[in-house]
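Q: For reference, this is my_file_19.pdb, and it has PDB, C-alpha atoms.
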```pdb
ATOM      1  CA  MET A   1     119.974  67.089 245.132
ATOM      2  CA  PHE A   2     117.052  65.041 246.414
ATOM      3  CA  SER A   3     116.934  61.382 245.422
ATOM      4  CA  LYS A   4     115.341  58.156 246.572
ATOM      5  CA  PRO A   5     118.647  56.692 247.878
ATOM      6  CA  LEU A   6     119.217  59.900 249.859
ATOM      7  CA  LEU A   7     115.735  59.651 251.362
ATOM      8  CA  ILE A   8     116.301  56.023 252.335
ATOM      9  CA  SER A   9     119.666  56.785 253.927
ATOM     10  CA  GLN A  10     118.156  59.626 255.930
ATOM     11  CA  THR A  11     115.259  57.419 256.995
ATOM     12  CA  ILE A  12     117.669  54.882 258.488
ATOM     13  CA  LEU A  13     118.898  57.602 260.859
ATOM     14  CA  HIS A  14     115.350  58.117 262.155
ATOM     15  CA  ALA A  15     114.602  54.397 262.378
ATOM     16  CA  ALA A  16     116.489  54.219 265.676
ATOM     17  CA  ASN A  17     113.733  56.359 267.245
ATOM     18  CA  HIS A  18     110.688  55.695 265.086
ATOM     19  CA  GLY A  19     111.340  52.203 263.786
ATOM     20  CA  PHE A  20     111.253  51.240 260.137
ATOM     21  CA  THR A  21     107.971  53.008 259.575
ATOM     22  CA  GLN A  22     106.300  55.587 257.409
ATOM     23  CA  LYS A  23     106.820  58.093 260.221
ATOM     24  CA  ALA A  24     110.593  57.668 259.927
ATOM     25  CA  ILE A  25     110.332  58.282 256.189
ATOM     26  CA  GLN A  26     108.282  61.426 256.800
ATOM     27  CA  GLN A  27     110.847  62.693 259.303
ATOM     28  CA  ALA A  28     113.525  62.181 256.664
ATOM     29  CA  CYS A  29     111.472  64.308 254.265
ATOM     30  CA  ILE A  30     111.444  67.104 256.836
ATOM     31  CA  ASP A  31     115.233  66.862 257.201
ATOM     32  CA  LEU A  32     115.666  67.090 253.446
ATOM     33  CA  ASN A  33     113.178  69.970 253.168
ATOM     34  CA  VAL A  34     110.950  68.195 250.672
ATOM     35  CA  SER A  35     107.194  67.687 250.572
ATOM     36  CA  GLN A  36     105.653  64.937 252.691
ATOM     37  CA  ALA A  37     104.340  63.581 249.412
ATOM     38  CA  ALA A  38     107.899  62.456 248.673
ATOM     39  CA  ALA A  39     107.504  59.856 251.417
ATOM     40  CA  THR A  40     105.464  57.765 249.007
ATOM     41  CA  ILE A  41     108.444  57.011 246.768
ATOM     42  CA  THR A  42     109.829  54.420 249.191
ATOM     43  CA  THR A  43     108.525  51.909 251.708
ATOM     44  CA  PRO A  44     109.648  50.496 255.070
ATOM     45  CA  ILE A  45     110.771  47.208 253.485
ATOM     46  CA  GLU A  46     112.976  49.090 251.025
ATOM     47  CA  VAL A  47     114.568  50.930 253.934
ATOM     48  CA  ILE A  48     115.116  47.669 255.846
ATOM     49  CA  HIS A  49     116.683  45.913 252.865
ATOM     50  CA  HIS A  50     118.868  48.923 252.111
ATOM     51  CA  ALA A  51     120.067  48.978 255.731
ATOM     52  CA  MET A  52     120.835  45.260 255.693
ATOM     53  CA  LYS A  53     122.821  45.518 252.457
ATOM     54  CA  LYS A  54     124.671  48.586 253.704
ATOM     55  CA  TRP A  55     125.670  46.929 256.986
ATOM     56  CA  ASN A  56     126.645  43.703 255.231
ATOM     57  CA  SER A  57     128.894  45.572 252.806
ATOM     58  CA  GLN A  58     130.407  47.632 255.622
ATOM     59  CA  ILE A  59     131.543  44.576 257.590
ATOM     60  CA  ILE A  60     132.795  42.651 254.556
ATOM     61  CA  ASP A  61     134.771  45.665 253.354
ATOM     62  CA  GLU A  62     136.268  46.314 256.806
ATOM     63  CA  LYS A  63     137.355  42.709 257.316
ATOM     64  CA  ASN A  64     138.671  42.481 253.768
ATOM     65  CA  HIS A  65     141.146  45.283 254.560
ATOM     66  CA  GLU A  66     141.972  44.251 258.125
ATOM     67  CA  ASP A  67     145.316  42.474 258.302
ATOM     68  CA  ASN A  68     144.695  41.020 261.763
ATOM     69  CA  PHE A  69     141.501  39.387 260.521
ATOM     70  CA  LYS A  70     143.357  37.519 257.784
ATOM     71  CA  ASP A  71     145.601  35.891 260.396
ATOM     72  CA  LEU A  72     142.700  34.358 262.319
ATOM     73  CA  LYS A  73     141.564  30.766 261.992
ATOM     74  CA  THR A  74     138.178  29.948 260.495
ATOM     75  CA  THR A  75     136.015  29.787 263.627
ATOM     76  CA  PRO A  76     137.221  33.135 265.087
ATOM     77  CA  LYS A  77     136.638  34.715 261.668
ATOM     78  CA  ILE A  78     133.070  33.482 261.558
ATOM     79  CA  LYS A  79     132.439  34.661 265.118
ATOM     80  CA  ARG A  80     133.626  38.148 264.291
ATOM     81  CA  LEU A  81     131.611  38.288 261.082
ATOM     82  CA  VAL A  82     128.459  37.385 262.993
ATOM     83  CA  LYS A  83     129.104  39.548 266.051
ATOM     84  CA  GLU A  84     130.276  42.695 264.288
ATOM     85  CA  ARG A  85     127.466  42.542 261.757
ATOM     86  CA  LEU A  86     124.783  42.103 264.410
ATOM     87  CA  SER A  87     126.391  44.846 266.505
ATOM     88  CA  LEU A  88     125.423  47.341 263.800
ATOM     89  CA  GLN A  89     121.780  46.626 264.626
ATOM     90  CA  ILE A  90     122.138  47.549 268.307
ATOM     91  CA  PRO A  91     120.958  51.176 267.860
ATOM     92  CA  TYR A  92     117.789  49.762 266.261
ATOM     93  CA  LEU A  93     117.278  46.890 268.683
ATOM     94  CA  ASN A  94     114.036  48.221 270.156
ATOM     95  CA  HIS A  95     112.501  48.145 266.681
ATOM     96  CA  TRP A  96     114.288  45.216 265.068
ATOM     97  CA  ASN A  97     111.559  42.685 265.889
ATOM     98  CA  GLN A  98     109.266  44.882 263.817
ATOM     99  CA  ALA A  99     111.840  44.974 261.019
ATOM    100  CA  MET A 100     112.133  41.169 261.053
ATOM    101  CA  ALA A 101     108.350  40.845 260.883
ATOM    102  CA  ILE A 102     108.247  43.130 257.843
ATOM    103  CA  GLY A 103     111.116  41.214 256.271
ATOM    104  CA  ALA A 104     109.224  37.942 256.746
ATOM    105  CA  LYS A 105     106.511  39.279 254.456
ATOM    106  CA  HIS A 106     109.112  39.544 251.691
ATOM    107  CA  PRO A 107     110.922  36.210 252.114
ATOM    108  CA  ALA A 108     112.555  35.992 248.686
ATOM    109  CA  GLN A 109     114.377  39.328 248.873
ATOM    110  CA  THR A 110     115.186  39.073 252.584
ATOM    111  CA  SER A 111     116.553  35.543 252.261
ATOM    112  CA  GLN A 112     118.667  36.554 249.280
ATOM    113  CA  ILE A 113     120.313  39.349 251.293
ATOM    114  CA  LEU A 114     120.989  37.015 254.224
ATOM    115  CA  TRP A 115     122.335  34.274 251.974
ATOM    116  CA  GLN A 116     124.634  36.721 250.206
ATOM    117  CA  TYR A 117     126.134  37.775 253.523
ATOM    118  CA  ALA A 118     126.687  34.156 254.504
ATOM    119  CA  ASP A 119     128.302  33.482 251.136
ATOM    120  CA  ASP A 120     130.541  36.562 251.335
ATOM    121  CA  SER A 121     131.496  35.716 254.902
ATOM    122  CA  TRP A 122     132.571  32.179 254.120
ATOM    123  CA  PHE A 123     134.496  33.343 251.075
ATOM    124  CA  LEU A 124     136.259  35.903 253.267
ATOM    125  CA  ALA A 125     136.977  33.165 255.810
ATOM    126  CA  GLY A 126     138.790  31.243 253.074
ATOM    127  CA  ASP A 127     136.147  28.723 252.022
ATOM    128  CA  LYS A 128     136.643  27.282 248.554
ATOM    129  CA  SER A 129     134.343  24.267 248.798
ATOM    130  CA  GLN A 130     132.287  23.303 245.762
ATOM    131  CA  ASP A 131     130.523  20.174 247.025
ATOM    132  CA  TYR A 132     127.621  19.847 249.494
ATOM    133  CA  ASN A 133     129.811  21.587 252.094
ATOM    134  CA  PHE A 134     129.246  24.831 250.199
ATOM    135  CA  TYR A 135     125.566  24.809 251.226
ATOM    136  CA  THR A 136     126.199  23.200 254.604
ATOM    137  CA  LYS A 137     128.561  25.978 255.678
ATOM    138  CA  ARG A 138     126.283  28.779 254.576
ATOM    139  CA  SER A 139     123.235  27.185 256.152
ATOM    140  CA  LEU A 140     125.188  26.722 259.382
ATOM    141  CA  PHE A 141     126.313  30.350 259.306
ATOM    142  CA  LEU A 142     122.727  31.543 258.947
ATOM    143  CA  TYR A 143     121.557  29.182 261.669
ATOM    144  CA  VAL A 144     124.053  30.767 264.062
ATOM    145  CA  TYR A 145     123.388  34.286 262.760
ATOM    146  CA  ILE A 146     119.590  34.188 262.992
ATOM    147  CA  SER A 147     119.551  32.309 266.311
ATOM    148  CA  THR A 148     121.843  34.955 267.796
ATOM    149  CA  GLU A 149     119.791  37.737 266.245
ATOM    150  CA  LEU A 150     116.613  36.399 267.850
ATOM    151  CA  PHE A 151     118.347  36.033 271.227
ATOM    152  CA  MET A 152     119.453  39.684 271.014
ATOM    153  CA  LEU A 153     115.863  40.874 270.909
ATOM    154  CA  THR A 154     115.204  39.877 274.519
ATOM    155  CA  ASP A 155     118.700  40.212 275.986
ATOM    156  CA  LYS A 156     118.869  42.807 278.765
ATOM    157  CA  SER A 157     122.384  41.949 279.931
ATOM    158  CA  PRO A 158     125.104  44.658 280.035
ATOM    159  CA  GLU A 159     126.683  45.118 276.607
ATOM    160  CA  LEU A 160     124.684  42.079 275.442
ATOM    161  CA  PHE A 161     127.262  39.748 276.951
ATOM    162  CA  MET A 162     124.664  36.950 277.190
ATOM    163  CA  THR A 163     124.034  37.250 273.456
ATOM    164  CA  TRP A 164     127.697  36.838 272.643
ATOM    165  CA  GLU A 165     127.984  33.901 275.061
ATOM    166  CA  PHE A 166     125.006  32.357 273.291
ATOM    167  CA  MET A 167     126.738  32.896 269.950
ATOM    168  CA  ASP A 168     129.953  31.335 271.258
ATOM    169  CA  ARG A 169     128.082  28.182 272.265
ATOM    170  CA  TYR A 170     126.680  27.845 268.755
ATOM    171  CA  CYS A 171     130.073  28.499 267.218
ATOM    172  CA  PHE A 172     132.066  26.293 269.600
ATOM    173  CA  ASN A 173     133.645  24.352 266.770
ATOM    174  CA  ILE A 174     132.266  25.142 263.362
ATOM    175  CA  GLN A 175     134.508  22.771 261.467
ATOM    176  CA  GLN A 176     133.504  19.858 263.703
ATOM    177  CA  ILE A 177     129.828  20.700 263.349
ATOM    178  CA  ILE A 178     130.140  20.851 259.570
ATOM    179  CA  GLY A 179     131.857  17.479 259.498
ATOM    180  CA  GLY A 180     129.243  15.750 261.643
ATOM    181  CA  SER A 181     126.046  17.637 260.948
ATOM    182  CA  LYS A 182     123.288  15.772 259.152
ATOM    183  CA  MET A 183     120.655  18.414 259.687
ATOM    184  CA  PHE A 184     122.106  20.844 257.174
ATOM    185  CA  ARG A 185     123.457  18.194 254.830
ATOM    186  CA  ARG A 186     119.925  16.950 254.189
ATOM    187  CA  GLN A 187     118.918  20.353 252.847
ATOM    188  CA  GLY A 188     121.172  19.757 249.888
ATOM    189  CA  SER A 189     120.572  22.935 247.923
ATOM    190  CA  ARG A 190     120.616  26.679 248.093
ATOM    191  CA  ALA A 191     116.905  26.859 247.297
ATOM    192  CA  ASN A 192     115.967  24.704 250.281
ATOM    193  CA  SER A 193     118.344  26.604 252.545
ATOM    194  CA  GLN A 194     116.763  29.924 251.607
ATOM    195  CA  LYS A 195     113.253  28.530 252.010
ATOM    196  CA  ASN A 196     114.060  27.489 255.566
ATOM    197  CA  LEU A 197     114.985  31.060 256.497
ATOM    198  CA  GLY A 198     111.296  31.905 256.343
ATOM    199  CA  VAL A 199     110.916  30.336 259.788
ATOM    200  CA  CYS A 200     112.566  33.380 261.370
ATOM    201  CA  TYR A 201     112.240  36.075 258.696
TER
END
```
Now that the file is in, can you turn its structure into C-alpha cells?
A:
Amino acid sequence: MFSKPLLISQTILHAANHGFTQKAIQQACIDLNVSQAAATITTPIEVIHHAMKKWNSQIIDEKNHEDNFKDLKTTPKIKRLVKERLSLQIPYLNHWNQAMAIGAKHPAQTSQILWQYADDSWFLAGDKSQDYNFYTKRSLFLYVYISTELFMLTDKSPELFMTWEFMDRYCFNIQQIIGGSKMFRRQGSRANSQKNLGVCY
C-alpha cells in the first residue's frame, strides 16, 4: 500500500543518481506506480532528514549488538562510529554537497539529528558524564564528524583513504583533547553547540 514513508524510502534509492531532488521523488512515484501528483506530498529536505536518521539508527543498532565493538577503547569506538556512519553516504557522495546545502536551510532540524547521533555515539562509547564534559564530548564528536564529512566531498583518493587519514589526525587522542580543549569548553551548552553547526550545515 502506498504511503509517504514508502515514497521517501524509494526516493533515497534514486538519490544516488539524481540527488536529493524533486526528480528523484518523481522517479520513486514511477517505481511505485502512482501519479506524479503524489510527489508533492514530500520534499527533498524530508528525504535528506529521513536518510540521515535511518543511517544513524543503522550504525547505532549494529554497534550496539557487535561484541567486538564493546571490547574497544573509547577512541577506536569513536573512530568507527564516525567512519562507518559517513561510509553510508559514499553512494551519494556526488550529490551530498547539495544535500548539505539544503540541510543548512533547515538548521534546527538538521542540527538536532546530528546532535542526537553524537549523543547516541558517546553513550554507546560508555560516556556517563553529566558536567560540562557532556557538551564538550559531543561538540568534539561533531567537529570531527563534520570536518571529515567536508573533506570527503573533494577526496579523490582510492577508497577515500585520505579522508580516513584526515579523520585519524583529528581523532588522535580524543580523551587528551577533551581534557585540554578550551575551544569547546567555552561553548558551555547544548544550544550554543547546535547553533555552531550552522557553519557547515
Q: Take the PyMOL selection byres ((chain A and resi 20) around 7), run it mentally on this structure, and tell me the resulting residues as a list in words.
A: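 Selection result, ordered by chain and number: Ala15, His18, Gly19, Thr21, Ala24, Pro44, Ile48 and Ala99 of chain A.
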Q: How would you write as a list in words the residues that get within 12 Å of (126.7, 45.1, 252.4) in the file's frame, counting only C-alpha atoms?
A: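 Collected hits near the coordinates: His49, His50, Ala51, Met52, Lys53, Lys54, Trp55, Asn56, Ser57, Gln58, Ile59, Ile60, Asp61, Glu62, Lys63, Arg85, Leu88, Ile113, Leu114, Trp115, Gln116, Tyr117, Ala118, Asp119, Asp120 and Ser121 of chain A.
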Q: Applying the PyMOL selection byres ((chain A and resi 10) around 12) to the file I just gave you, which residues come out? Please list them as a ChimeraX atom specification.
A: /A:2-9,11-16,20,24-33,39,42,47,50-51
Q: Could you jot down the CA of Pro158 (chain A) to CA of Lys70 (chain A) separation for me, Å, one decimal place?
A: 29.7 Å
Q: Which residues of region 38-89 of chain A have any atom within 10 Å of an atom in region 130-148 of chain A when counting all atoms listed in the file, and what is the closest pair of atoms for each, with the distance in Å to one decimal? Order the rows by chain and rising number and write it as a Markdown table.
A:
```
| residue | atom | partner | partner_atom | distance |
| --- | --- | --- | --- | --- |
| A:Ile78 | CA | A:Phe141 | CA | 7.8 |
| A:Lys79 | CA | A:Val144 | CA | 9.3 |
| A:Leu81 | CA | A:Tyr145 | CA | 9.3 |
| A:Val82 | CA | A:Tyr145 | CA | 5.9 |
| A:Lys83 | CA | A:Tyr145 | CA | 8.4 |
| A:Arg85 | CA | A:Tyr145 | CA | 9.3 |
| A:Leu86 | CA | A:Tyr145 | CA | 8.1 |
```
Q: So what does the PyMOL selection byres ((chain A and resi 163) around 12) actually pick up in this one, as an MDAnalysis selection string?
A: chainID A and resid 82:83 86:87 90 144:162 164:170
Q: Create the file for the chosen residues now, containing C-alpha atoms and written as a PDB file, in the coordinates of the input.
A:
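Contents of part07.pdb, freshly written:
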```pdb
ATOM      1  CA  VAL A  82     128.459  37.385 262.993  1.00  0.00           C
ATOM      2  CA  LYS A  83     129.104  39.548 266.051  1.00  0.00           C
ATOM      3  CA  LEU A  86     124.783  42.103 264.410  1.00  0.00           C
ATOM      4  CA  SER A  87     126.391  44.846 266.505  1.00  0.00           C
ATOM      5  CA  ILE A  90     122.138  47.549 268.307  1.00  0.00           C
ATOM      6  CA  VAL A 144     124.053  30.767 264.062  1.00  0.00           C
ATOM      7  CA  TYR A 145     123.388  34.286 262.760  1.00  0.00           C
ATOM      8  CA  ILE A 146     119.590  34.188 262.992  1.00  0.00           C
ATOM      9  CA  SER A 147     119.551  32.309 266.311  1.00  0.00           C
ATOM     10  CA  THR A 148     121.843  34.955 267.796  1.00  0.00           C
ATOM     11  CA  GLU A 149     119.791  37.737 266.245  1.00  0.00           C
ATOM     12  CA  LEU A 150     116.613  36.399 267.850  1.00  0.00           C
ATOM     13  CA  PHE A 151     118.347  36.033 271.227  1.00  0.00           C
ATOM     14  CA  MET A 152     119.453  39.684 271.014  1.00  0.00           C
ATOM     15  CA  LEU A 153     115.863  40.874 270.909  1.00  0.00           C
ATOM     16  CA  THR A 154     115.204  39.877 274.519  1.00  0.00           C
ATOM     17  CA  ASP A 155     118.700  40.212 275.986  1.00  0.00           C
ATOM     18  CA  LYS A 156     118.869  42.807 278.765  1.00  0.00           C
ATOM     19  CA  SER A 157     122.384  41.949 279.931  1.00  0.00           C
ATOM     20  CA  PRO A 158     125.104  44.658 280.035  1.00  0.00           C
ATOM     21  CA  GLU A 159     126.683  45.118 276.607  1.00  0.00           C
ATOM     22  CA  LEU A 160     124.684  42.079 275.442  1.00  0.00           C
ATOM     23  CA  PHE A 161     127.262  39.748 276.951  1.00  0.00           C
ATOM     24  CA  MET A 162     124.664  36.950 277.190  1.00  0.00           C
ATOM     25  CA  TRP A 164     127.697  36.838 272.643  1.00  0.00           C
ATOM     26  CA  GLU A 165     127.984  33.901 275.061  1.00  0.00           C
ATOM     27  CA  PHE A 166     125.006  32.357 273.291  1.00  0.00           C
ATOM     28  CA  MET A 167     126.738  32.896 269.950  1.00  0.00           C
ATOM     29  CA  ASP A 168     129.953  31.335 271.258  1.00  0.00           C
ATOM     30  CA  ARG A 169     128.082  28.182 272.265  1.00  0.00           C
ATOM     31  CA  TYR A 170     126.680  27.845 268.755  1.00  0.00           C
TER      32      TYR A 170
END
```
Q: Given 5 Å on each side, where is the centre and what are the edge lengths in Å to one decimal of the axis-aligned box enclosing the listed atoms of region 123-136 of chain A, as JSON?
A:
```
{"center_x": 132.2, "center_y": 27.9, "center_z": 250.8, "size_x": 23.2, "size_y": 26.1, "size_z": 20.0}
```
Q: Distance CA of Leu124 (chain A)-CA of Thr110 (chain A), one decimal place?
A: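 About the pair CA of Leu124 (chain A) and CA of Thr110 (chain A): they are 21.3 Å apart.
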Q: Separation of CA of Ala125 (chain A) and CA of His106 (chain A), in Å?
A: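 So the answer is 28.9 Å.
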Q: Rank A:Lys73, A:Ser35, A:Trp122, A:Ile45 by their smallest atom-to-atom distance to Gln98 (chain A), using all atoms listed in the file, and report the top residue only.
A: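 Of the candidates, the smallest distance to Gln98 (chain A) is held by A:Ile45.
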Q: I'd like to know which of A:Thr75, A:Gln22, A:His95, A:Gln36 is closest to Phe172 (chain A), using only C-alpha atoms.
A: A:Thr75
Q: Could you please fill out region 51-64 of chain A with N, CA and C atoms and send it back as a compact mmCIF listing (two decimals), in the frame of the given file?
A:
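Saved the output as rebuild20.txt:
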```
# COMPACT_ATOMS: atom_id res chain seq x y z
N ALA A 51 119.24 48.99 254.51
CA ALA A 51 120.07 48.98 255.73
C ALA A 51 120.84 47.68 255.85
N MET A 52 120.18 46.56 255.61
CA MET A 52 120.84 45.26 255.69
C MET A 52 122.00 45.16 254.70
N LYS A 53 121.76 45.57 253.47
CA LYS A 53 122.82 45.52 252.46
C LYS A 53 123.98 46.45 252.82
N LYS A 54 123.64 47.62 253.31
CA LYS A 54 124.67 48.59 253.70
C LYS A 54 125.54 48.03 254.82
N TRP A 55 124.92 47.48 255.86
CA TRP A 55 125.67 46.93 256.99
C TRP A 55 126.48 45.71 256.56
N ASN A 56 125.90 44.87 255.72
CA ASN A 56 126.64 43.70 255.23
C ASN A 56 127.91 44.14 254.50
N SER A 57 127.76 45.08 253.59
CA SER A 57 128.89 45.57 252.81
C SER A 57 129.94 46.23 253.69
N GLN A 58 129.48 46.95 254.71
CA GLN A 58 130.41 47.63 255.62
C GLN A 58 131.32 46.64 256.32
N ILE A 59 130.74 45.56 256.87
CA ILE A 59 131.54 44.58 257.59
C ILE A 59 132.47 43.81 256.65
N ILE A 60 131.97 43.40 255.51
CA ILE A 60 132.79 42.65 254.56
C ILE A 60 133.97 43.51 254.09
N ASP A 61 133.71 44.77 253.81
CA ASP A 61 134.77 45.66 253.35
C ASP A 61 135.81 45.89 254.46
N GLU A 62 135.34 46.10 255.69
CA GLU A 62 136.27 46.31 256.81
C GLU A 62 137.17 45.10 257.03
N LYS A 63 136.57 43.93 257.05
CA LYS A 63 137.35 42.71 257.32
C LYS A 63 138.28 42.39 256.14
N ASN A 64 137.86 42.75 254.95
CA ASN A 64 138.67 42.48 253.77
C ASN A 64 139.96 43.29 253.77
```
